[in-house]
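Colleague: Here you go, one structure.
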Amino acid sequence: MLVLIPVGVVVSSLFVSAGDIWQHLVENTLPLLLTNTLWLALGVLLGTGFLGVSLAWLVAIYEFPGRRFFSWALLLPLAIPAYVTAFVALGLFDFTGPVQTTLRDWMNSDLHWFPEIRSRAGVIIVMTLAFYPYVYLLARNAFESQGKRSLEVAQSLGFTRRTGFYKVALPLARPWIAGGLLLVLMETLADFGTVAVFNYDTFTTAIYKAWFSLFSLPAASQLASMLIIIVFIIIVLEQHFRARMRYAESRKSSRASRIQLTGQQKWFVMTFVVTVWFFAFLLPLLQLLYWSVQSILVGFDLERYLEFLVHSLFLSCLSALIICTIVTMIVYAARRFPGRSMQFAVRTATIGYALPGTVLAIGIFIPLAWLENRLSELAFAVFQIETGLLIQGTIAVMLVAYLIRFMAVSHYSIHGAMQRITPSIEEAAMSMGLHGWALLSRIHFPILKSGIFTGATLVFVDVMKEMPITLMTRPFGWDTLAVRVYEMTSEGAWEQAAVPAATLVLAGLLPILFFMRQTEN
């Protein structure tokens with residue numbers, strides 16, 4: 001119900017008149033939003049598809065210097081929020097940035113040929129570098145389990161390596177690649193920080209402006225409802241096409257020999273891999289650290305930034321505790337009472353990750369405002385008391401939004417851990433006299449703790465990085481590191497934004513490194 005209420009409220013706004021503001025949006029803004037969103041989604045899908053699939057194929061099938069390092073290092077860009085990569089790119093490559101300034105001094109030229117970073121292409125490149133690991137991770141797993149063997153079969157039939165890749169290996173990996181691209185598409189449609197930094201208008205920025213600039217909640221909710229419809233059409237189409245496909249997955253073989261690259265091929269592959277990793281992770285990290293040192297040396301309000309850090313850590317830890325507790329109960333309930341109704345409930349409860357943060361903020365705010373107005377009227381009618389705002393603008397609203405948005409993140413890891421507890425284990429424990437809480441504490445929790453820890457870590461990092469929900473639902477004055485990054489980047493103060501951004505990156509590195517340690521061959 002927590003998921004269905006905001007979705008239903010937002011979608012129902014399509015039948016409510018927003019007045020002249022909506023007419024203005026339809027005539028002047030909506031065509032641009034549709035065009036910008038379409039081109040952005042298409043460009044990012046093509047870019048992440050190319051980088052993710054090509055890098056996954058090279059790492060999974062070929063042997064070259066540094067392959068073992070880059071097999072996990074290519075996932076590190078996931079630790080950097082896309083909006084952080086965005087303002088680093090602008091700070092470095094904008095007209096007044098150090099790159100263009102240095103080139104103008106060296107070449108004594110106006111650099112008319114230098115590409116404009118504040119453009120649609122610039123946004124697409126930045127988001128491609130930030131999101132390609134989603135495709136890379138899934139495609140690498142597919143190629144490691146099927147690619148080498150399918151390539152050998154294709155070569156035995158007379159195909160070259162290139163033809164075998166396109167004719168056999170790539171089609172077999174299609175479900176994994178499609179899953180990664182779907183994640184990329186959801187992240188692209190939900191992104192607010194990156195497009196806000198580039199002043200590139202999409203549905204998410206339009207929703208924020210309609211609410212906080214035009215002060216029209218109906219117009220914002222109608223824009224949000226259109227975005228929800230787009231997202232769910234994509235989900236339904238993806239599930240429809242995937243349901244019609246049948247693929248067999250073989251078990252990964254750690255002893256499978258890779259193809260040794262030599263000569264020019266080796267150096268070309270190394271150059272390609274290093275270049276992608278440098279621009280996607282190393283350069284943003286080094287620039288953030290450089291700006292952070294400058295910001296600290298010039299003048300650093302330690303007490304204020306500690307307040308931002310405490311707020312971020314408090315929200316992240318409390319959200320991880322609440323979400324993992326509820327998800328564990330959901331998973332256990334689904335285990336005890338299997339059935340179609342339970343499966344439907346679980347699936348419904350975990351679709352919140354497909355909803356953009358701006359949409360969730362709108363969907364939660366409207367019913368809470370209605371509920372608060374009714375409570376205020378009741379309190380005044382019965383007790384003659386003006387209650388004011390009791391619910392809106394509180395931490396509880398933020399926690400509810402985080403719960404809806406990130407339940408799916410922890411559900412996959414906890415559900416996977418629950419599958420390790422076979423019925424025979426439970427039957428053996430009950431035959432030894434363990435029932436109720438004793439069965440949970442001595443059998444279930446020790447086996448589930450790794451999955452719960454993984455889920456809590458992922459939720460912790462996602463809440464730390466989450467910008468639109470925090471920005472739109474936070475109590476007055478309750479700023480976090482993500483909100484501070486948004487405020488500084490909106491003013492073009494890259495150096496001041498570096499310290500909170502670097503903190504977010506370092507927090508995001510921990511679960512990525514933990515994950516790769518658990519999954520490394």
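So you can find residues: chains in the structure tokens are A, B, ... in the order shown, residues in each start at 1, and ligands are numbered from 1 in order.
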Residues of segment 213-454 of chain A classed as alpha helix (DSSP H) by DSSP on the backbone are to be reported as a ChimeraX atom specification.
Modeller: /A:217-243,263-277,283-298,302-336,340-349,357-383,395-418,423-431,436-439,445-454
Colleague: Contacts between segment 506-510 of chain A and segment 1-103 of chain A, please, where a residue of segment 1-103 of chain A counts if it comes within 12 Å (with only C-alpha atoms); show its shortest atom pair and distance in Å to one decimal, rows by chain and ascending number, as a Markdown table.
Modeller:
```
| residue | atom | partner | partner_atom | distance |
| --- | --- | --- | --- | --- |
| A:Trp72 | CA | A:Leu509 | CA | 11.9 |
| A:Ala73 | CA | A:Leu509 | CA | 10.8 |
| A:Leu75 | CA | A:Leu509 | CA | 9.9 |
| A:Leu76 | CA | A:Leu509 | CA | 7.0 |
| A:Pro77 | CA | A:Leu509 | CA | 9.0 |
| A:Leu78 | CA | A:Gly508 | CA | 7.7 |
| A:Ala79 | CA | A:Gly508 | CA | 4.4 |
| A:Ile80 | CA | A:Gly508 | CA | 7.0 |
| A:Pro81 | CA | A:Gly508 | CA | 8.7 |
```
Colleague: Please produce an output containing C-alpha atoms for each residue in the selection, written as a PDB file, in the first residue's frame.
Modeller:
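selection11.pdb, freshly written:
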```pdb
ATOM      1  CA  TRP A  72      36.841  -5.119 -10.857  1.00  0.00           C
ATOM      2  CA  ALA A  73      38.239  -1.587 -11.249  1.00  0.00           C
ATOM      3  CA  LEU A  75      33.010  -1.114 -11.622  1.00  0.00           C
ATOM      4  CA  LEU A  76      34.403   1.686  -9.456  1.00  0.00           C
ATOM      5  CA  PRO A  77      32.528   4.481 -11.331  1.00  0.00           C
ATOM      6  CA  LEU A  78      29.398   3.169  -9.576  1.00  0.00           C
ATOM      7  CA  ALA A  79      30.800   4.756  -6.408  1.00  0.00           C
ATOM      8  CA  ILE A  80      30.700   8.232  -7.975  1.00  0.00           C
ATOM      9  CA  PRO A  81      27.214   9.756  -8.239  1.00  0.00           C
TER      10      PRO A  81
END
```
Colleague: Residues within 10 Å of Val126 of chain A, please, as a PDB file with C-alpha atoms, in the first residue's frame. Count only C-alpha atoms; anything in the same chain fewer than 2 positions from it doesn't count.
Modeller:
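Final output, saved to out34.pdb:
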```pdb
ATOM      1  CA  VAL A  44      22.917   6.998 -22.943  1.00  0.00           C
ATOM      2  CA  ALA A  82      26.431  10.900 -11.762  1.00  0.00           C
ATOM      3  CA  TYR A  83      25.882  14.479 -10.617  1.00  0.00           C
ATOM      4  CA  VAL A  84      29.388  14.499  -9.117  1.00  0.00           C
ATOM      5  CA  THR A  85      30.902  13.351 -12.423  1.00  0.00           C
ATOM      6  CA  ALA A  86      28.815  16.075 -14.083  1.00  0.00           C
ATOM      7  CA  PHE A  87      30.129  19.016 -12.082  1.00  0.00           C
ATOM      8  CA  VAL A  88      33.697  17.692 -12.266  1.00  0.00           C
ATOM      9  CA  ALA A  89      33.393  17.550 -16.064  1.00  0.00           C
ATOM     10  CA  LEU A  90      32.077  21.114 -16.184  1.00  0.00           C
ATOM     11  CA  ILE A 117      30.648  20.610 -22.740  1.00  0.00           C
ATOM     12  CA  ALA A 121      26.326  15.491 -26.077  1.00  0.00           C
ATOM     13  CA  GLY A 122      28.084  16.525 -22.863  1.00  0.00           C
ATOM     14  CA  VAL A 123      25.222  15.235 -20.693  1.00  0.00           C
ATOM     15  CA  ILE A 124      25.105  11.961 -22.632  1.00  0.00           C
ATOM     16  CA  THR A 128      27.400   7.101 -20.117  1.00  0.00           C
ATOM     17  CA  LEU A 129      30.609   7.127 -18.069  1.00  0.00           C
ATOM     18  CA  ALA A 130      28.585   7.002 -14.851  1.00  0.00           C
ATOM     19  CA  PHE A 131      26.140   4.231 -15.812  1.00  0.00           C
ATOM     20  CA  THR A 194      23.182  15.564 -13.546  1.00  0.00           C
ATOM     21  CA  PHE A 279      37.794   9.444 -17.462  1.00  0.00           C
ATOM     22  CA  ALA A 280      35.040   7.557 -15.630  1.00  0.00           C
TER      23      ALA A 280
END
```
Colleague: Each residue of segment 335-432 of chain A with at least one atom at most 7 Å from segment 457-461 of chain A should appear once, together with its nearest atom pair and the corresponding distance in Å (one decimal); atoms considered: only C-alpha atoms; ordering: chain, then increasing residue number; output as CSV.
Modeller:
```
residue,atom,partner,partner_atom,distance
A:Phe406,CA,A:Val459,CA,6.5
A:Val409,CA,A:Val459,CA,6.5
A:Ser410,CA,A:Val459,CA,6.6
```
Colleague: Could you save those same residues with N, CA and C atoms as a PDB file, in the first residue's frame?
Modeller:
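Contents of again_19.pdb, as written:
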```pdb
ATOM      1  N   PHE A 406      13.860   2.198  -2.001  1.00  0.00           N
ATOM      2  CA  PHE A 406      15.029   1.320  -1.919  1.00  0.00           C
ATOM      3  C   PHE A 406      14.749  -0.058  -1.331  1.00  0.00           C
ATOM      4  N   VAL A 409      16.370  -2.746  -3.425  1.00  0.00           N
ATOM      5  CA  VAL A 409      17.829  -2.846  -3.355  1.00  0.00           C
ATOM      6  C   VAL A 409      18.246  -3.919  -2.354  1.00  0.00           C
ATOM      7  N   SER A 410      17.599  -3.929  -1.182  1.00  0.00           N
ATOM      8  CA  SER A 410      17.956  -4.929  -0.170  1.00  0.00           C
ATOM      9  C   SER A 410      17.211  -6.246  -0.363  1.00  0.00           C
TER      10      SER A 410
END
```
Colleague: Could you pull the residues within 12 Å of Ile421 of chain A, counting only C-alpha atoms, minus those fewer than 4 positions along the same chain, as a list in words?
Modeller: Tyr332, Arg335, Ile414, His415, Gly416, Ala417, Ile425, Glu426, Glu427, Ala428, Ala429, Leu439, Leu440, Ile443, His444, Phe445, Pro446, Ile447 and Leu448 of chain A
Colleague: Name the closest residue to Met488 of chain A among the candidates A:Tyr353, A:Val197, A:Thr101, A:Val346; distances are taken between atoms, counting only C-alpha atoms.
Modeller: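 Of A:Tyr353, A:Val197, A:Thr101, A:Val346, the one nearest Met488 of chain A, counting only C-alpha atoms, is A:Val197.
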Colleague: I'd like to know which of A:Ala408, A:Ala354, A:Ala498, A:Ile323 is closest to Val184 of chain A, using only C-alpha atoms.
Modeller: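 Result for the nearest residue to Val184 of chain A: A:Ala354.
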Colleague: May I have the residues within 8 Å of Val269 of chain A as a list in words, using only C-alpha atoms and disregarding those fewer than 3 positions away in the same chain?
Modeller: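 Residues near the query, excluding close chain neighbours: Leu58, Phe64, Gln265, Lys266, Phe272 and Val273 of chain A.
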